[in-house]
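Trainee: This one is upload-v7.cif, mmCIF, C-alpha atoms.
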data_query
#
loop_
_atom_site.label_atom_id
_atom_site.label_comp_id
_atom_site.auth_asym_id
_atom_site.auth_seq_id
_atom_site.Cartn_x
_atom_site.Cartn_y
_atom_site.Cartn_z
CA ALA A 1 6.38 14.46 -13.97
CA LEU A 2 3.19 15.55 -12.23
CA LEU A 3 4.40 14.23 -8.88
CA LEU A 4 7.67 16.11 -9.36
CA ALA A 5 5.72 19.30 -10.17
CA TYR A 6 3.76 18.90 -6.93
CA GLY A 7 7.02 18.31 -5.08
CA LEU A 8 8.52 21.49 -6.49
CA LEU A 9 5.48 23.46 -5.41
CA LEU A 10 5.83 22.06 -1.89
CA THR A 11 9.49 23.01 -1.53
CA SER A 12 10.61 26.24 0.04
CA TRP A 13 12.28 27.28 -3.25
CA HIS A 14 10.29 30.06 -4.88
CA GLY A 15 12.70 31.36 -7.51
CA THR A 16 11.67 32.94 -10.79
CA ALA A 17 12.25 29.62 -12.58
CA LEU A 18 9.68 27.75 -10.45
CA PRO A 19 6.61 28.56 -12.59
CA PHE A 20 8.49 27.60 -15.75
CA ALA A 21 9.69 24.31 -14.25
CA VAL A 22 6.22 23.42 -12.97
CA LEU A 23 4.57 24.29 -16.29
CA PHE A 24 7.20 22.28 -18.19
CA LEU A 25 6.60 19.24 -15.96
CA HIS A 26 2.82 19.65 -16.15
CA GLY A 27 2.97 19.86 -19.94
CA GLY A 28 5.24 16.82 -20.01
CA PHE A 29 2.69 14.91 -17.97
CA TYR A 30 -0.07 15.71 -20.45
CA ALA A 31 2.15 14.94 -23.44
CA ALA A 32 3.09 11.57 -21.95
CA THR A 33 -0.43 10.49 -20.97
CA ASP A 34 -2.97 11.85 -23.48
CA GLY A 35 -1.66 9.91 -26.46
CA VAL A 36 -1.32 6.71 -24.43
CA LEU A 37 -4.95 6.92 -23.33
CA MET A 38 -6.16 7.35 -26.90
CA ALA A 39 -3.98 4.46 -28.10
CA ALA A 40 -5.26 2.19 -25.33
CA ALA A 41 -8.88 3.18 -25.93
CA SER A 42 -8.67 2.73 -29.69
CA ASP A 43 -7.99 -0.99 -29.32
CA SER A 44 -11.18 -1.54 -27.35
CA VAL A 45 -13.52 0.40 -29.66
CA PRO A 46 -14.89 -1.24 -32.83
CA GLY A 47 -13.50 0.26 -36.04
CA GLU A 48 -16.84 1.59 -37.26
CA LEU A 49 -17.36 3.45 -33.97
CA ARG A 50 -13.78 4.53 -33.35
CA SER A 51 -14.28 8.28 -33.84
CA SER A 52 -17.33 8.38 -31.59
CA GLY A 53 -15.71 6.11 -29.02
CA LEU A 54 -12.53 8.18 -28.81
CA ALA A 55 -14.60 11.37 -28.58
CA LEU A 56 -16.52 9.82 -25.69
CA VAL A 57 -13.28 8.83 -23.93
CA GLN A 58 -11.88 12.34 -24.41
CA THR A 59 -15.11 13.89 -23.13
CA GLY A 60 -15.00 11.67 -20.04
CA GLN A 61 -11.38 12.62 -19.43
CA ALA A 62 -12.14 16.33 -19.80
CA LEU A 63 -15.11 16.09 -17.43
CA ALA A 64 -13.02 14.18 -14.87
CA ARG A 65 -10.29 16.83 -15.04
CA PHE A 66 -12.90 19.57 -14.64
CA VAL A 67 -14.43 17.92 -11.57
CA CYS A 68 -10.99 17.27 -10.08
CA SER A 69 -9.96 20.90 -10.61
CA LEU A 70 -13.12 22.05 -8.83
CA ALA A 71 -12.42 19.63 -5.96
CA PHE A 72 -8.79 20.79 -5.75
CA GLY A 73 -9.91 24.42 -5.68
CA ALA A 74 -12.36 23.62 -2.90
CA ALA A 75 -9.62 21.79 -0.95
CA TRP A 76 -7.25 24.74 -1.48
CA THR A 77 -9.90 27.13 -0.15
CA ALA A 78 -10.88 24.94 2.80
CA TRP A 79 -7.47 23.57 3.88
CA GLY A 80 -4.92 25.93 2.37
CA ASP A 81 -2.38 25.50 -0.38
CA ARG A 82 0.17 23.22 1.33
CA THR A 83 -2.40 20.76 2.67
CA ALA A 84 -4.22 20.55 -0.67
CA LEU A 85 -0.95 20.03 -2.58
CA THR A 86 0.29 17.46 -0.07
CA ALA A 87 -2.98 15.52 -0.23
CA SER A 88 -2.86 15.57 -4.03
CA ALA A 89 0.77 14.44 -4.09
CA VAL A 90 0.07 11.58 -1.66
CA ALA A 91 -3.00 10.48 -3.66
CA LEU A 92 -0.98 10.61 -6.90
CA ALA A 93 1.88 8.61 -5.37
CA LEU A 94 -0.58 5.97 -4.13
CA CYS A 95 -2.19 5.75 -7.56
CA ALA A 96 1.24 5.33 -9.17
CA LEU A 97 2.13 2.62 -6.66
CA PHE A 98 -1.13 0.74 -7.25
CA SER A 99 -0.71 0.97 -11.03
CA VAL A 100 2.76 -0.58 -10.76
CA ILE A 101 1.46 -3.34 -8.47
CA LEU A 102 -1.62 -4.09 -10.59
CA ARG A 103 0.15 -3.85 -13.95
CA PRO A 104 -0.05 -7.12 -15.88
CA VAL A 105 3.21 -9.02 -16.13
CA ARG A 106 4.43 -9.64 -19.68
CA ARG A 107 6.02 -13.02 -20.07
CA THR A 108 8.61 -13.51 -22.76
CA SER A 109 9.49 -16.66 -24.60
CA PRO A 110 13.02 -18.09 -24.41
CA GLU A 111 13.82 -16.38 -27.72
CA GLY A 112 12.96 -13.00 -26.21
CA LEU A 113 9.70 -12.64 -28.17
CA VAL A 114 6.49 -11.67 -26.42
#
Before we go any further, please render this structure as structure tokens.

Mentor:
Amino acid sequence: ALLLAYGLLLTSWHGTALPFAVLFLHGGFYAATDGVLMAAASDSVPGELRSSGLALVQTGQALARFVCSLAFGAAWTAWGDRTALTASAVALALCALFSVILRPVRRTSPEGLV
């Protein structure tokens, strides 16, 4: 969804629906990823420290997003909008590709059970 939002911003289409489409896709990205991160992190944090551990994960995520937004703003200012968006889209596509390649393979038993 985020890659599609970047793609829409890079097209020559600048209709009145563009901001709504990009915001919808951006919101869909957050909705699809925030809960997954918390679910994945909750398995690796001991039960008695779960609240603190999840708060630490969320704080790290918020700080990373803040730093990335500052870096993107600096790239936008230094290189212009199209170059900054293109670089972000390429980096995101590479990250998606690497995550598919590095994803663990789930093997199933003959009965179809994991």

Trainee: Set the distance at 10 Å and use all atoms listed in the file: which residues neighbour Gly7 (chain A) once local chain neighbours fewer than 5 positions away are removed? I'd like the list as a PyMOL selection string.

Mentor: chain A and resi 1-2+22+85-86+89

Trainee: Between CA of Leu10 (chain A) and CA of Asp81 (chain A), what is the distance in Å, rounded to a tenth?

Mentor: 9.0 Å

Trainee: Work out how far apart CA of Arg82 (chain A) and CA of Ser12 (chain A) are and give it in Å to one decimal.

Mentor: 10.9 Å

Trainee: To one decimal place, how far is CA of Thr77 (chain A) from CA of Leu9 (chain A) in Å?

Mentor: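 Calculated distance between CA of Thr77 (chain A) and CA of Leu9 (chain A) is 16.7 Å.
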
Trainee: Return as JSON the box centre and box size in Å, one decimal, for an axis-aligned box around all listed atoms of region 70-87 of chain A padded by 4 Å per side.

Mentor:
{"center_x": -6.4, "center_y": 21.3, "center_z": -2.5, "size_x": 21.4, "size_y": 19.6, "size_z": 20.7}

Trainee: Find the residues around His26 (chain A) up to 12 Å (all atoms listed in the file counted), leave out those fewer than 4 positions away in its own chain, and share them as a PyMOL selection string.

Mentor: chain A and resi 1-9+19-22+30-33

Trainee: Out of A:Gly15, A:Gly27, A:Gly53, A:Gly73, which residue has the shortest atom-to-atom distance to Ala39 (chain A) when counting only C-alpha atoms?

Mentor: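 Between A:Gly15, A:Gly27, A:Gly53, A:Gly73, the residue approaching Ala39 (chain A) most closely is A:Gly53.
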
Trainee: Determine the nearest neighbour of Asp34 (chain A) from the options A:Leu54, A:Thr16, A:Thr11, A:Arg107, counting all atoms listed in the file.

Mentor: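 Between A:Leu54, A:Thr16, A:Thr11, A:Arg107, the residue approaching Asp34 (chain A) most closely is A:Leu54.
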
Trainee: Determine the residue membership of the PyMOL selection byres ((chain A and resi 58-67) around 12) for the file above and supply it as an NGL selection string.

Mentor: :A and (30 or 33-39 or 41-42 or 51-57 or 68-74)

Trainee: Complete the atoms of region 42-62 of chain A to N, CA, C and O atoms and put them out as a short mmCIF file (atom, residue, chain, number, x, y, z; two decimals), in the frame of the given file.

Mentor:
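Contents of out11.cif, freshly written:
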data_model
loop_
_atom_site.label_atom_id
_atom_site.label_comp_id
_atom_site.auth_asym_id
_atom_site.auth_seq_id
_atom_site.Cartn_x
_atom_site.Cartn_y
_atom_site.Cartn_z
N SER A 42 -8.36 3.06 -28.30
CA SER A 42 -8.67 2.73 -29.69
C SER A 42 -8.71 1.24 -29.94
O SER A 42 -9.43 0.77 -30.81
N ASP A 43 -7.97 0.47 -29.16
CA ASP A 43 -7.99 -0.99 -29.32
C ASP A 43 -9.28 -1.61 -28.83
O ASP A 43 -9.66 -2.69 -29.27
N SER A 44 -9.97 -0.96 -27.92
CA SER A 44 -11.18 -1.54 -27.35
C SER A 44 -12.47 -1.00 -27.99
O SER A 44 -13.55 -1.39 -27.57
N VAL A 45 -12.34 -0.15 -28.99
CA VAL A 45 -13.52 0.40 -29.66
C VAL A 45 -13.59 -0.20 -31.06
O VAL A 45 -12.58 -0.23 -31.77
N PRO A 46 -14.77 -0.70 -31.48
CA PRO A 46 -14.89 -1.24 -32.83
C PRO A 46 -14.54 -0.20 -33.89
O PRO A 46 -14.78 1.00 -33.71
N GLY A 47 -13.97 -0.65 -34.98
CA GLY A 47 -13.50 0.26 -36.04
C GLY A 47 -14.56 1.21 -36.55
O GLY A 47 -14.28 2.39 -36.78
N GLU A 48 -15.79 0.73 -36.72
CA GLU A 48 -16.84 1.59 -37.26
C GLU A 48 -17.31 2.64 -36.27
O GLU A 48 -17.97 3.61 -36.65
N LEU A 49 -16.98 2.48 -35.00
CA LEU A 49 -17.36 3.45 -33.97
C LEU A 49 -16.16 4.15 -33.35
O LEU A 49 -16.28 4.80 -32.31
N ARG A 50 -15.01 4.03 -33.97
CA ARG A 50 -13.78 4.53 -33.35
C ARG A 50 -13.82 6.03 -33.09
O ARG A 50 -13.46 6.49 -32.01
N SER A 51 -14.25 6.82 -34.04
CA SER A 51 -14.28 8.28 -33.84
C SER A 51 -15.20 8.65 -32.69
O SER A 51 -14.83 9.46 -31.82
N SER A 52 -16.39 8.09 -32.67
CA SER A 52 -17.33 8.38 -31.59
C SER A 52 -16.81 7.86 -30.26
O SER A 52 -16.95 8.53 -29.23
N GLY A 53 -16.23 6.69 -30.26
CA GLY A 53 -15.71 6.11 -29.02
C GLY A 53 -14.57 6.93 -28.44
O GLY A 53 -14.53 7.18 -27.24
N LEU A 54 -13.64 7.36 -29.29
CA LEU A 54 -12.53 8.18 -28.81
C LEU A 54 -13.01 9.55 -28.35
O LEU A 54 -12.48 10.10 -27.38
N ALA A 55 -14.02 10.09 -29.02
CA ALA A 55 -14.60 11.37 -28.58
C ALA A 55 -15.25 11.21 -27.21
O ALA A 55 -15.13 12.09 -26.35
N LEU A 56 -15.90 10.07 -26.99
CA LEU A 56 -16.52 9.82 -25.69
C LEU A 56 -15.46 9.67 -24.60
O LEU A 56 -15.62 10.21 -23.49
N VAL A 57 -14.38 8.97 -24.90
CA VAL A 57 -13.28 8.83 -23.93
C VAL A 57 -12.69 10.20 -23.60
O VAL A 57 -12.45 10.54 -22.44
N GLN A 58 -12.46 11.01 -24.63
CA GLN A 58 -11.88 12.34 -24.41
C GLN A 58 -12.83 13.24 -23.61
O GLN A 58 -12.39 14.00 -22.76
N THR A 59 -14.12 13.12 -23.88
CA THR A 59 -15.11 13.89 -23.13
C THR A 59 -15.11 13.47 -21.66
O THR A 59 -15.15 14.31 -20.76
N GLY A 60 -15.06 12.16 -21.42
CA GLY A 60 -15.00 11.67 -20.04
C GLY A 60 -13.75 12.15 -19.33
O GLY A 60 -13.80 12.54 -18.15
N GLN A 61 -12.63 12.15 -20.03
CA GLN A 61 -11.38 12.62 -19.43
C GLN A 61 -11.47 14.11 -19.11
O GLN A 61 -11.05 14.55 -18.04
N ALA A 62 -12.02 14.89 -20.03
CA ALA A 62 -12.14 16.33 -19.80
C ALA A 62 -13.08 16.62 -18.63
O ALA A 62 -12.79 17.50 -17.80
#
